[in-house]
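Asks: Provided herewith: input12.cif, mmCIF, C-alpha atoms and all ligand atoms.
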data_data
#
loop_
_atom_site.label_atom_id
_atom_site.label_comp_id
_atom_site.auth_asym_id
_atom_site.auth_seq_id
_atom_site.Cartn_x
_atom_site.Cartn_y
_atom_site.Cartn_z
CA MET I 22 0.00 0.00 0.00
CA SER I 23 1.32 3.45 -0.78
CA LEU I 24 2.43 5.77 1.97
CA ARG I 25 0.14 8.55 3.10
CA LEU I 26 0.65 11.88 4.82
CA GLY I 27 0.94 11.40 8.56
CA ASP I 28 2.33 7.86 8.22
CA ILE I 29 5.65 7.08 9.88
CA ALA I 30 8.33 7.16 7.18
CA PRO I 31 9.62 3.58 6.88
CA ASP I 32 12.98 3.11 8.57
CA PHE I 33 15.85 1.38 6.78
CA THR I 34 19.57 0.86 6.87
CA ALA I 35 21.36 1.50 3.59
CA GLU I 36 24.77 2.02 2.04
CA THR I 37 25.30 5.56 0.84
CA THR I 38 28.08 7.65 -0.63
CA GLN I 39 28.70 8.86 2.95
CA GLY I 40 28.76 5.41 4.58
CA THR I 41 26.06 3.19 6.05
CA ILE I 42 23.06 5.13 7.35
CA ASN I 43 20.15 4.14 9.55
CA PHE I 44 17.49 6.50 8.26
CA HIS I 45 15.67 7.40 11.48
CA GLU I 46 18.92 7.80 13.41
CA TRP I 47 20.32 9.92 10.60
CA ILE I 48 17.25 12.21 10.67
CA GLY I 49 17.61 12.68 14.43
CA ASP I 50 15.81 15.87 15.48
CA SER I 51 15.97 17.40 12.00
CA TRP I 52 13.54 17.51 9.14
CA ALA I 53 14.48 15.38 6.12
CA LEU I 54 14.09 15.51 2.36
CA LEU I 55 14.29 12.05 0.75
CA PHE I 56 14.11 12.17 -3.04
CA SER I 57 14.54 9.55 -5.72
CA HIS I 58 15.94 9.88 -9.20
CA PRO I 59 15.62 7.30 -11.99
CA ALA I 60 19.24 6.38 -12.64
CA ASP I 61 22.86 7.48 -12.48
CA PHE I 62 24.49 9.07 -15.54
CA THR I 63 21.22 10.56 -16.78
CA PRO I 64 20.94 14.23 -17.75
CA VAL I 65 17.99 15.51 -15.71
CA CYS I 66 19.24 13.76 -12.56
CA THR I 67 22.66 15.32 -13.01
CA THR I 68 21.09 18.79 -12.92
CA GLU I 69 18.86 17.92 -9.95
CA LEU I 70 21.63 16.58 -7.74
CA GLY I 71 23.81 19.55 -8.63
CA LYS I 72 21.01 21.96 -7.74
CA THR I 73 20.46 20.17 -4.43
CA ALA I 74 24.16 20.48 -3.58
CA LEU I 75 24.08 24.20 -4.44
CA LEU I 76 21.05 24.67 -2.15
CA LYS I 77 22.31 22.54 0.75
CA GLY I 78 22.99 25.68 2.83
CA GLU I 79 19.37 26.80 2.33
CA PHE I 80 18.10 23.40 3.47
CA GLU I 81 20.42 23.51 6.49
CA LYS I 82 19.14 26.97 7.52
CA LYS I 83 15.68 25.38 7.71
CA GLY I 84 16.98 22.41 9.72
CA VAL I 85 16.48 19.99 6.83
CA LYS I 86 18.86 17.14 5.94
CA VAL I 87 18.81 15.98 2.33
CA ILE I 88 19.34 12.47 0.99
CA ALA I 89 18.92 11.11 -2.54
CA VAL I 90 18.26 7.55 -3.69
CA SER I 91 18.41 5.56 -6.87
CA VAL I 92 18.52 1.87 -7.68
CA ASP I 93 22.14 1.97 -8.85
CA ASP I 94 24.96 0.58 -6.75
CA LEU I 95 27.60 2.43 -4.75
CA ALA I 96 30.36 1.95 -7.35
CA SER I 97 28.12 3.57 -9.96
CA HIS I 98 27.23 6.51 -7.64
CA ASN I 99 30.91 7.04 -6.86
CA LYS I 100 31.77 7.14 -10.57
CA TRP I 101 28.93 9.56 -11.34
CA VAL I 102 29.50 12.07 -8.50
CA PRO I 103 32.59 13.69 -10.16
CA ASP I 104 30.44 14.42 -13.24
CA ILE I 105 27.78 16.13 -11.10
CA GLU I 106 30.50 18.16 -9.40
CA GLU I 107 32.18 19.14 -12.66
CA LEU I 108 28.95 20.10 -14.42
CA ASN I 109 27.46 22.07 -11.54
CA GLY I 110 30.63 23.53 -10.00
CA VAL I 111 29.80 22.21 -6.55
CA LYS I 112 30.77 19.35 -4.20
CA VAL I 113 28.07 16.73 -3.71
CA ASN I 114 27.75 17.32 0.01
CA PHE I 115 24.85 15.01 0.92
CA PRO I 116 24.43 11.22 0.85
CA ILE I 117 23.13 9.28 -2.14
CA ILE I 118 21.65 5.91 -1.21
CA ALA I 119 22.80 2.91 -3.23
CA ASP I 120 19.54 1.00 -3.53
CA ALA I 121 20.56 -1.77 -5.93
CA ASP I 122 18.31 -4.25 -4.09
CA ARG I 123 15.39 -1.76 -4.34
CA ASN I 124 14.71 -2.00 -0.62
CA VAL I 125 14.15 1.74 -0.19
CA ALA I 126 12.39 2.09 -3.54
CA THR I 127 9.97 -0.66 -2.54
CA LEU I 128 9.36 0.65 0.98
CA TYR I 129 8.52 4.09 -0.45
CA ASP I 130 6.67 2.80 -3.56
CA MET I 131 9.06 4.69 -5.84
CA ILE I 132 8.84 2.26 -8.76
CA HIS I 133 5.69 2.80 -10.79
CA PRO I 134 5.72 -0.15 -13.21
CA ASN I 135 3.44 1.49 -15.76
CA ALA I 136 5.97 4.33 -16.04
CA SER I 137 9.10 2.14 -15.84
CA GLU I 138 9.64 -1.44 -14.68
CA LYS I 139 13.14 -0.73 -13.44
CA ALA I 140 13.77 2.92 -12.63
CA THR I 141 12.36 4.97 -9.78
CA VAL I 142 10.12 7.91 -10.57
CA ARG I 143 11.05 11.31 -9.11
CA SER I 144 9.51 10.96 -5.65
CA VAL I 145 9.83 13.57 -2.91
CA PHE I 146 9.18 12.84 0.76
CA ILE I 147 9.46 15.57 3.35
CA ILE I 148 9.64 14.06 6.81
CA GLY I 149 9.35 15.84 10.15
CA PRO I 150 11.47 15.33 13.28
CA ASP I 151 8.64 13.07 14.53
CA LYS I 152 9.51 10.83 11.51
CA LYS I 153 6.05 11.38 10.02
CA ILE I 154 5.57 12.09 6.33
CA LYS I 155 4.52 15.72 5.89
CA LEU I 156 4.50 16.00 2.09
CA THR I 157 4.87 13.82 -0.98
CA LEU I 158 5.35 14.76 -4.63
CA THR I 159 5.72 12.51 -7.66
CA TYR I 160 7.20 13.68 -10.95
CA PRO I 161 7.89 11.64 -14.07
CA ALA I 162 11.47 10.93 -15.08
CA SER I 163 11.33 13.52 -17.84
CA THR I 164 10.52 16.51 -15.58
CA GLY I 165 13.18 17.91 -13.29
CA ARG I 166 11.83 19.17 -9.99
CA ASN I 167 11.62 22.80 -8.89
CA PHE I 168 13.84 22.96 -5.81
CA GLN I 169 12.67 26.49 -4.99
CA GLU I 170 9.18 24.98 -4.64
CA ILE I 171 10.56 22.33 -2.32
CA LEU I 172 12.13 25.07 -0.14
CA ARG I 173 8.83 27.00 -0.25
CA VAL I 174 6.72 24.07 0.94
CA ILE I 175 9.20 23.43 3.75
CA ASP I 176 8.60 27.02 4.94
CA SER I 177 4.86 26.37 4.87
CA LEU I 178 5.10 22.99 6.61
CA GLN I 179 7.32 24.38 9.35
CA LEU I 180 4.99 27.33 9.97
CA THR I 181 2.02 25.00 10.27
CA ALA I 182 3.99 22.78 12.64
CA ASN I 183 4.72 25.71 14.96
CA TYR I 184 1.67 27.98 14.71
CA GLN I 185 -2.03 27.47 13.99
CA VAL I 186 -1.72 28.85 10.47
CA ALA I 187 -2.02 27.68 6.87
CA THR I 188 -0.64 29.28 3.72
CA PRO I 189 -2.66 30.49 0.73
CA ALA I 190 -2.14 29.76 -2.96
CA ASP I 191 1.27 30.84 -4.25
CA TRP I 192 2.31 32.00 -0.75
CA LYS I 193 5.94 32.87 -0.26
CA ASP I 194 8.01 33.31 2.89
CA GLY I 195 7.26 36.74 4.40
CA GLU I 196 3.69 37.06 3.11
CA ASP I 197 0.53 37.01 5.24
CA VAL I 198 -0.79 33.61 6.30
CA ILE I 199 -4.23 32.20 7.07
CA ILE I 200 -5.47 31.48 10.58
CA THR I 201 -6.72 27.88 10.66
CA PRO I 202 -10.45 27.26 11.20
CA ALA I 203 -9.63 25.56 14.54
CA VAL I 204 -8.87 28.99 16.06
CA LYS I 205 -11.99 30.81 17.24
CA THR I 206 -12.09 34.45 16.20
CA GLU I 207 -12.45 35.47 19.87
CA ASP I 208 -9.11 33.70 20.62
CA ALA I 209 -7.25 35.06 17.58
CA ALA I 210 -6.09 38.35 19.13
CA ALA I 211 -4.28 36.52 21.94
CA LYS I 212 -2.74 33.96 19.60
CA PHE I 213 -1.71 36.43 16.89
CA PRO I 214 -0.42 39.57 18.60
CA LYS I 215 0.58 41.14 15.26
CA GLY I 216 -3.15 41.47 14.54
CA PHE I 217 -5.44 39.82 12.06
CA THR I 218 -7.90 40.71 9.30
CA ILE I 219 -11.33 39.13 8.86
CA ILE I 220 -11.93 38.92 5.09
CA LYS I 221 -14.77 36.41 5.55
CA PRO I 222 -15.67 34.69 8.83
CA TYR I 223 -13.81 31.62 7.50
CA LEU I 224 -10.90 33.53 5.91
CA ARG I 225 -8.78 35.39 8.44
CA THR I 226 -5.23 36.48 7.71
CA THR I 227 -2.34 37.52 9.92
CA PRO I 228 1.26 38.59 9.33
CA GLN I 229 3.65 35.65 9.26
CA PRO I 230 4.15 34.90 12.99
CA ASN I 231 7.86 34.03 12.85
CA LYS I 232 9.02 37.16 10.96
C1 LIG B 301 17.05 11.87 -16.82
O1 LIG B 301 17.26 11.74 -15.64
O2 LIG B 301 17.66 12.67 -17.49
C2 LIG B 301 16.00 11.06 -17.47
C3 LIG B 301 15.74 9.79 -17.03
C4 LIG B 301 14.78 9.04 -17.68
C5 LIG B 301 14.06 9.59 -18.74
C6 LIG B 301 14.31 10.89 -19.15
C7 LIG B 301 15.29 11.62 -18.52
#
Could you express the structure from this file as structure tokens?
Replies:
Amino acid sequence: MSLRLGDIAPDFTAETTQGTINFHEWIGDSWALLFSHPADFTPVCTTELGKTALLKGEFEKKGVKVIAVSVDDLASHNKWVPDIEELNGVKVNFPIIADADRNVATLYDMIHPNASEKATVRSVFIIGPDKKIKLTLTYPASTGRNFQEILRVIDSLQLTANYQVATPADWKDGEDVIITPAVKTEDAAAKFPKGFTIIKPYLRTTPQPNK
């Protein structure tokens, strides 16, 4: 059965380009981004892993560890990494799981046989410090992901985790947020000292609480 939001992210132990990792131990008290790519030595993947390396500092500022996976073996990953570094001008500074036995791909339902029998699709799992799945995305092999969008949803997820707010369509860090329906209007002033606006009784906005 496929994984759903709120499920515990399956734990595993795997070989990676940074040694053997137990996933839950490796996450520790951080957030985690686990993302799959179809295969080593493929063009779109080479750009994605380079982009992730370039953005690692941005992920770290948000307390997010990043880890990639594909069903190639460690020798293949180690041969491919210098290409990623050369083409993107950056060190690959995060682990890539060698999932030749497809253990991780199977646990996370990353092989969609009607798309490809062998390769993983481009899955994204964002996992909280409680090890629960907070967000999933699935892209086909032919579409590289938008890593700015992944950073944006992390901002939204972390706000929701810490305050009783949601984020509207196309929201970006720094913009007003929505007070969740669980908060009664009579309690909103105490909870949101920066003030709030009632646009409709069910649509109340407030400045981003953590800015
Ligand atoms: C790629 O990663 O470049 C790719 C993989 C499979 C199909 C198309 C592109």
Asks: Can you pull out every residue with an atom within 9 Å of ligand LIG 301 (chain B)? Use all atoms listed in the file and format it as a ChimeraX atom specification.
Replies: /I:58-69,140,142,161-165
Asks: Residues near Glu106 of chain I, anyone? I mean within 10 Å using only C-alpha atoms, not counting same-chain ones fewer than 4 positions away, as a ChimeraX atom specification.
Replies: /I:67,70-71,74,101-102,110-114
Asks: Could you pull the residues within 10 Å of Pro202 of chain I, counting all atoms listed in the file, minus those fewer than 2 positions along the same chain, as a list in words?
Replies: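 Result of the neighbour search: Gln185, Val186, Ala187, Ile199, Ile200, Val204, Lys205, Thr206, Pro222, Tyr223, Leu224 and Arg225 of chain I.
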Asks: Write out as a ChimeraX atom specification each polymer residue whose atoms come within 12 Å of Thr188 of chain I, counting only C-alpha atoms; drop sequence neighbours fewer than 5 positions from it.
Replies: /I:173-182,193-201,224-230
Asks: Find, counting all atoms listed in the file, the residue in I:Leu54, I:Glu170, I:Ala119, I:Phe217 that gets nearest to Ile42 of chain I.
Replies: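 Among the listed residues, I:Ala119 lies closest to Ile42 of chain I.
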Asks: If you take only C-alpha atoms and a cut-off of 12 Å, which residues of segment 145-171 of chain I touch segment 75-78 of chain I, and what are their nearest atom pairs and distances in Å to one decimal, in chain and number order, as a tab-separated table?
Replies:
residue	atom	partner	partner_atom	distance
I:Asn167	CA	I:Leu76	CA	11.7
I:Phe168	CA	I:Leu76	CA	8.3
I:Gln169	CA	I:Leu76	CA	9.0
I:Ile171	CA	I:Leu76	CA	10.7
Asks: Based on the selection just made, write C-alpha atoms of those residues as a PDB file, in the coordinates of the input.
Replies:
ATOM      1  CA  ASN I 167      11.620  22.800  -8.890  1.00  0.00           C
ATOM      2  CA  PHE I 168      13.840  22.960  -5.810  1.00  0.00           C
ATOM      3  CA  GLN I 169      12.670  26.490  -4.990  1.00  0.00           C
ATOM      4  CA  ILE I 171      10.560  22.330  -2.320  1.00  0.00           C
TER       5      ILE I 171
END
Asks: If you measure from atom CA of Gly27 of chain I to atom CA of Lys155 of chain I, what distance in Å do you get, rounded to one decimal?
Replies: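 Between these atoms lies a distance of 6.2 Å.
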Asks: So the first atom is atom CA of Phe115 of chain I and the second is atom CA of Asp93 of chain I; what is the distance between them in Å, to one decimal place?
Replies: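 These two atoms are separated by 16.5 Å.
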Asks: Within 9 Å of Val87 of chain I, counting all atoms listed in the file, which residues qualify if same-chain residues fewer than 6 places away don't, as a VMD selection string?
Replies: chain I and resid 52 to 56 73 77 80 to 81 115 to 116
Asks: Which residue out of I:Arg143, I:Lys100, I:Lys212, I:Lys86 has the minimum interatomic distance to Glu46 of chain I when all atoms listed in the file are used?
Replies: I:Lys86
Asks: Please report, as AutoDock Vina command-line options, the centre and edge lengths in Å to one decimal of an axis-aligned box covering all listed atoms of segment 109-116 of chain I with 8 Å per side.
Replies:
--center_x 27.6 --center_y 17.4 --center_z -5.3 --size_x 22.3 --size_y 28.3 --size_z 28.5
Asks: Taking into account all atoms listed in the file, which residue in the set I:Ile219, I:Val90, I:Ser51, I:Asp122 is nearest to Glu207 of chain I?
Replies: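 Between I:Ile219, I:Val90, I:Ser51, I:Asp122, the residue approaching Glu207 of chain I most closely is I:Ile219.
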Asks: As an exercise, work out the distance from atom CA of Ile220 of chain I to atom CA of Lys232 of chain I in Å and give it to one decimal place.
Replies: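 Computing it gives 21.8 Å between the two atoms.
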Asks: Just the residues within 8 Å of Ser144 of chain I, please, counting only C-alpha atoms, with nothing from its chain fewer than 2 positions along; format it as a list in words.
Replies: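 My reading of the contact set: Phe56, Ser57, His58, Met131, Thr141, Val142, Phe146, Thr157, Leu158, Thr159 and Tyr160 of chain I.
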Asks: Quick one: of I:Asp130, I:Glu36, I:Asp191, I:Glu138, who's nearest to Leu24 of chain I, counting only C-alpha atoms?
Replies: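 Between I:Asp130, I:Glu36, I:Asp191, I:Glu138, the residue approaching Leu24 of chain I most closely is I:Asp130.
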Asks: Using all atoms listed in the file, which of I:Leu95, I:Val85, I:Ala121, I:Ile132 sits nearest Thr38 of chain I?
Replies: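 That would be I:Leu95, the residue with the smallest distance to Thr38 of chain I.
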Asks: Counting all atoms listed in the file, which residues sit no farther than 8 Å from the position (20.9, 0.3, -0.5) in the file's frame? I'd like them as a ChimeraX atom specification.
Replies: /I:34-37,92,94,118-125
